[in-house]
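Only one structure is covered here, and it is reproduced in the block below.
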Amino acid sequence: YTQKNDEDFTDRMNATDEVHDLLEKKPENLLEGKWNLWKGKKNYYLLYYLNIDGVYVGAWVNVNNLIKPFKYIDFGETGRALLASSELQPITNKKFIEDEKIDLTLKGNKFAVSGENERFMVMKKKSSSGDFYLLALIPESEILEKLPFLQRISSVISIGAVLFLFLFIFIMRKVFLQPINRIVSAMKKLREGDMEVRLPMNHNSTEFEVMNGSFNHMISEIKDLKINVYEEKLNLQRAELKHLQLQINPHFFLNSLNIIYNLATVKDFAIIQEMSKCLANYFRFMFRSNSYFVSLEDELKHTENYLKIQQLRFPEAINYDVEASPELMKCNIPPLVIQTIAENSIKHAFDMDEPIKIKITVKKDNEDPGFMEIKIQDTGEGFPEEVLWSLENDVSLTNQEGERIGLWNVKQRLNLLYEGHAHIYFSNEQGKGATVRMKVPI
């Protein structure tokens with residue numbers, strides 16, 4: 001037992017008496033259930049109490065003991081930690097604050113630089129448990145002394161962050177961006193019609209390997225399917241063309257033979273020769289090898305043979321006129337596209353009471369020199385409204401008897417053989433009858 005112990009005991013007893021007096025007076029700023037900053041006769045204390053059925057339970061702590069743990073923090077030779085009241089009046093280290101003339105108010109900021117003899121970085125933090133502040137005073141010289149070290153650390157961290165960023169971008173580019181760009185590029189080429197595009201089977205992530213393999217397999221299947229569909233369409237068109245070639249009107253054939261017989265009876269050998277020659281040329285063209293294209297010259301000759309036969313059958317009832325640019329005669333067009341439309345005019349516009357005229361004109365398109373314009377006009381009554389509507393809306397005109405298959409066949413063959421680049425238009429012109437205009441690439 002020492003004198004120090006005796007002094008501590010006396011202080012505690014004095015503090016006990018002060019606490020009793022304080023609780024009896026119980027001032028308004030003394031809050032129950034919260035740490036209160038209380039100034040005793042010698043020291044400042046933190047007081048906490050609870051009133052349980054008239055019995056006070058609590059504790060008080062000397063504020064000087066609260067500062068002791070901060071001695072182990074390196075604040076520099078002259079730096080230190082201290083406590084202040086809610087009005088930022090120092091509770092500990094008062095003399096030091098006065099000697100250094102340090103302003104603790106900070107003017108609302110959490111930190112500031114203050115002091116006259118030596119500059120200090122003053123930082124404050126309000127306690128969450130009581131109505132007081134904890135402040136730290138760090139000498140400015142201490143901060144500046146360690147600043148180069150901090151700068152080096154900051155530089156190392158910055159360089160490391162930049163290197164990490166470049167490494168991250170490199171990995172992202174190699175693992176994600178490049179495979180995605182390859183897929184996007186392949187899809188663009190596919191949209192442009194390139195069915196040969198394939199994705200390389202690089203050693204990327206398993207997900208991209210599966211995706212690339214699936215993409216390549218899908219393109220191969222689409223290509224095969226497209227080829228099969230196209231071949232099926234060609235076979236169908238070949239069958240329809242063959243059907244059209246074999247679709248010889250028996251009345252036309254028998255009537256032509258009957259006319260030859262009657263002409264032989266009256267011994268009109270010149271007309272017999274002309275009729276026989278036209279029929280021979282007509283059937284030679286109809287029974288020729290099945291080809292997708294013929295020259296414009298051959299198609300026009302075949303059409304003129306057909307019209308000539310009809311003119312010989314019905315003298316002065318049918319007139320025709322064919323005009324074509326010589327430079328286009330060797331150009332290729334699908335067979336029977338002109339003759340079919342001329343035959344349609346004979347079938348539906350011909351009337352024994354009123355002569356009919358058919359005019360065929362072939363020239364370069366005025367709007368686009370890369371196309372030829374084929375125009376067939378007659379002087380009949382024109383297309384019925386329901387037929388025009390069907391042609392404009394791609395509705396098949398073929399009925400159970402197979403009539404009007406010719407116009408539908410022409411339209412379908414142009415669309416298939418030219419892949420949508422050829423166009424055909426049907427209209428009725430006032431006072432001129434039906435008009436069919438085809439726009440075909442040269």
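Naming scheme: A, B, ... for chains in displayed order of the structure tokens; residues 1 onward per chain; ligands 1 onward as shown.
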Could you give me the residues within range 304-438 of chain A that DSSP places in helix (DSSP H, G or I), as a ChimeraX atom specification?
/A:304-313,326-328,337-349,385-392,405-417
Which neighbours of range 220-226 of chain A fall inside 10 Å, counting only C-alpha atoms, when residues of the same chain fewer than 3 positions from it are skipped, and could you give them as a ChimeraX atom specification?
/A:194-198,214-217,229-232
Which parts of range 222-420 of chain A does DSSP call strand (DSSP E) when run on the backbone here, written out as a ChimeraX atom specification?
/A:294-295,318-324,332-333,356-364,371-378
As a list in words, please: the residues near Leu47 in chain A (cut-off 10 Å, only C-alpha atoms, same-chain neighbours under 4 positions excluded).
Val19, Leu30, Leu31, Glu32, Gly33, Lys34, Trp35, Asn36, Leu37, Trp38, Lys39, Gly58, Ala59, Trp60, Val61, Asn62 and Gly130 of chain A
Return the single residue from A:Pro326, A:Ile159, A:Pro384, A:Val410 that is closest to Ile338 in chain A, with distances computed using only C-alpha atoms.
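Distance minimum relative to Ile338 in chain A lands on A:Val410.
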All residues 12 Å or closer to range 93-101 of chain A, only C-alpha atoms, same chain fewer than 4 positions away omitted, as a ChimeraX atom specification:
/A:63-64,67,78-85,88-89,113-120,122,135-137,139
Since we have the selection now, will you write its residues out, keeping N, CA and C atoms, as a PDB file, in the first residue's frame?
ATOM      1  N   VAL A  63     -11.785  10.795 -17.803  1.00  0.00           N
ATOM      2  CA  VAL A  63     -11.496  10.977 -19.235  1.00  0.00           C
ATOM      3  C   VAL A  63     -10.007  10.817 -19.527  1.00  0.00           C
ATOM      4  N   ASN A  64      -9.154  11.061 -18.496  1.00  0.00           N
ATOM      5  CA  ASN A  64      -7.718  10.891 -18.740  1.00  0.00           C
ATOM      6  C   ASN A  64      -7.381   9.440 -19.068  1.00  0.00           C
ATOM      7  N   ILE A  67      -7.696   8.470 -22.843  1.00  0.00           N
ATOM      8  CA  ILE A  67      -6.680   8.906 -23.789  1.00  0.00           C
ATOM      9  C   ILE A  67      -5.483   7.971 -23.805  1.00  0.00           C
ATOM     10  N   THR A  78       5.399  15.596 -31.317  1.00  0.00           N
ATOM     11  CA  THR A  78       4.564  16.572 -30.616  1.00  0.00           C
ATOM     12  C   THR A  78       3.075  16.347 -30.834  1.00  0.00           C
ATOM     13  N   GLY A  79       2.709  15.416 -31.661  1.00  0.00           N
ATOM     14  CA  GLY A  79       1.301  15.154 -31.913  1.00  0.00           C
ATOM     15  C   GLY A  79       0.656  14.386 -30.782  1.00  0.00           C
ATOM     16  N   ARG A  80      -0.628  14.461 -30.697  1.00  0.00           N
ATOM     17  CA  ARG A  80      -1.335  13.776 -29.623  1.00  0.00           C
ATOM     18  C   ARG A  80      -2.834  13.728 -29.927  1.00  0.00           C
ATOM     19  N   ALA A  81      -3.552  12.950 -29.093  1.00  0.00           N
ATOM     20  CA  ALA A  81      -5.005  12.877 -29.170  1.00  0.00           C
ATOM     21  C   ALA A  81      -5.588  13.517 -27.920  1.00  0.00           C
ATOM     22  N   LEU A  82      -6.771  14.082 -28.037  1.00  0.00           N
ATOM     23  CA  LEU A  82      -7.400  14.730 -26.895  1.00  0.00           C
ATOM     24  C   LEU A  82      -8.900  14.655 -27.033  1.00  0.00           C
ATOM     25  N   LEU A  83      -9.604  14.929 -25.921  1.00  0.00           N
ATOM     26  CA  LEU A  83     -11.063  14.972 -25.909  1.00  0.00           C
ATOM     27  C   LEU A  83     -11.502  16.412 -25.742  1.00  0.00           C
ATOM     28  N   ALA A  84     -12.672  16.746 -26.329  1.00  0.00           N
ATOM     29  CA  ALA A  84     -13.223  18.090 -26.225  1.00  0.00           C
ATOM     30  C   ALA A  84     -14.717  17.983 -25.982  1.00  0.00           C
ATOM     31  N   SER A  85     -15.245  19.035 -25.396  1.00  0.00           N
ATOM     32  CA  SER A  85     -16.680  19.072 -25.112  1.00  0.00           C
ATOM     33  C   SER A  85     -17.462  19.291 -26.397  1.00  0.00           C
ATOM     34  N   LEU A  88     -16.457  22.108 -28.314  1.00  0.00           N
ATOM     35  CA  LEU A  88     -15.079  22.002 -28.775  1.00  0.00           C
ATOM     36  C   LEU A  88     -14.110  22.746 -27.842  1.00  0.00           C
ATOM     37  N   GLN A  89     -14.432  22.699 -26.537  1.00  0.00           N
ATOM     38  CA  GLN A  89     -13.503  23.188 -25.532  1.00  0.00           C
ATOM     39  C   GLN A  89     -12.667  22.004 -25.050  1.00  0.00           C
ATOM     40  N   VAL A 113      -5.848  23.060 -40.642  1.00  0.00           N
ATOM     41  CA  VAL A 113      -4.479  23.280 -40.188  1.00  0.00           C
ATOM     42  C   VAL A 113      -4.487  24.485 -39.251  1.00  0.00           C
ATOM     43  N   SER A 114      -3.907  24.324 -38.037  1.00  0.00           N
ATOM     44  CA  SER A 114      -3.930  25.398 -37.044  1.00  0.00           C
ATOM     45  C   SER A 114      -2.662  25.328 -36.193  1.00  0.00           C
ATOM     46  N   GLY A 115      -2.422  26.433 -35.460  1.00  0.00           N
ATOM     47  CA  GLY A 115      -1.249  26.524 -34.593  1.00  0.00           C
ATOM     48  C   GLY A 115      -0.299  27.612 -35.054  1.00  0.00           C
ATOM     49  N   GLU A 116       0.312  28.305 -34.079  1.00  0.00           N
ATOM     50  CA  GLU A 116       1.231  29.395 -34.413  1.00  0.00           C
ATOM     51  C   GLU A 116       2.683  28.959 -34.271  1.00  0.00           C
ATOM     52  N   ASN A 117       3.053  28.364 -33.142  1.00  0.00           N
ATOM     53  CA  ASN A 117       4.437  27.935 -32.957  1.00  0.00           C
ATOM     54  C   ASN A 117       4.788  26.775 -33.893  1.00  0.00           C
ATOM     55  N   GLU A 118       3.849  25.875 -34.046  1.00  0.00           N
ATOM     56  CA  GLU A 118       4.035  24.722 -34.947  1.00  0.00           C
ATOM     57  C   GLU A 118       2.692  24.397 -35.589  1.00  0.00           C
ATOM     58  N   ARG A 119       2.727  24.115 -36.844  1.00  0.00           N
ATOM     59  CA  ARG A 119       1.487  23.853 -37.565  1.00  0.00           C
ATOM     60  C   ARG A 119       1.067  22.399 -37.344  1.00  0.00           C
ATOM     61  N   PHE A 120      -0.228  22.241 -37.036  1.00  0.00           N
ATOM     62  CA  PHE A 120      -0.778  20.908 -36.797  1.00  0.00           C
ATOM     63  C   PHE A 120      -1.983  20.683 -37.720  1.00  0.00           C
ATOM     64  N   VAL A 122      -5.412  19.317 -37.632  1.00  0.00           N
ATOM     65  CA  VAL A 122      -6.396  19.041 -36.602  1.00  0.00           C
ATOM     66  C   VAL A 122      -7.581  18.301 -37.226  1.00  0.00           C
ATOM     67  N   LEU A 135     -10.349  14.357 -30.839  1.00  0.00           N
ATOM     68  CA  LEU A 135      -9.548  15.116 -31.805  1.00  0.00           C
ATOM     69  C   LEU A 135      -8.152  14.537 -31.878  1.00  0.00           C
ATOM     70  N   ALA A 136      -7.555  14.621 -33.053  1.00  0.00           N
ATOM     71  CA  ALA A 136      -6.177  14.184 -33.268  1.00  0.00           C
ATOM     72  C   ALA A 136      -5.384  15.364 -33.813  1.00  0.00           C
ATOM     73  N   LEU A 137      -4.188  15.602 -33.222  1.00  0.00           N
ATOM     74  CA  LEU A 137      -3.295  16.672 -33.661  1.00  0.00           C
ATOM     75  C   LEU A 137      -2.039  16.032 -34.224  1.00  0.00           C
ATOM     76  N   PRO A 139       1.505  16.819 -36.339  1.00  0.00           N
ATOM     77  CA  PRO A 139       2.379  17.896 -36.811  1.00  0.00           C
ATOM     78  C   PRO A 139       2.489  17.891 -38.339  1.00  0.00           C
TER      79      PRO A 139
END
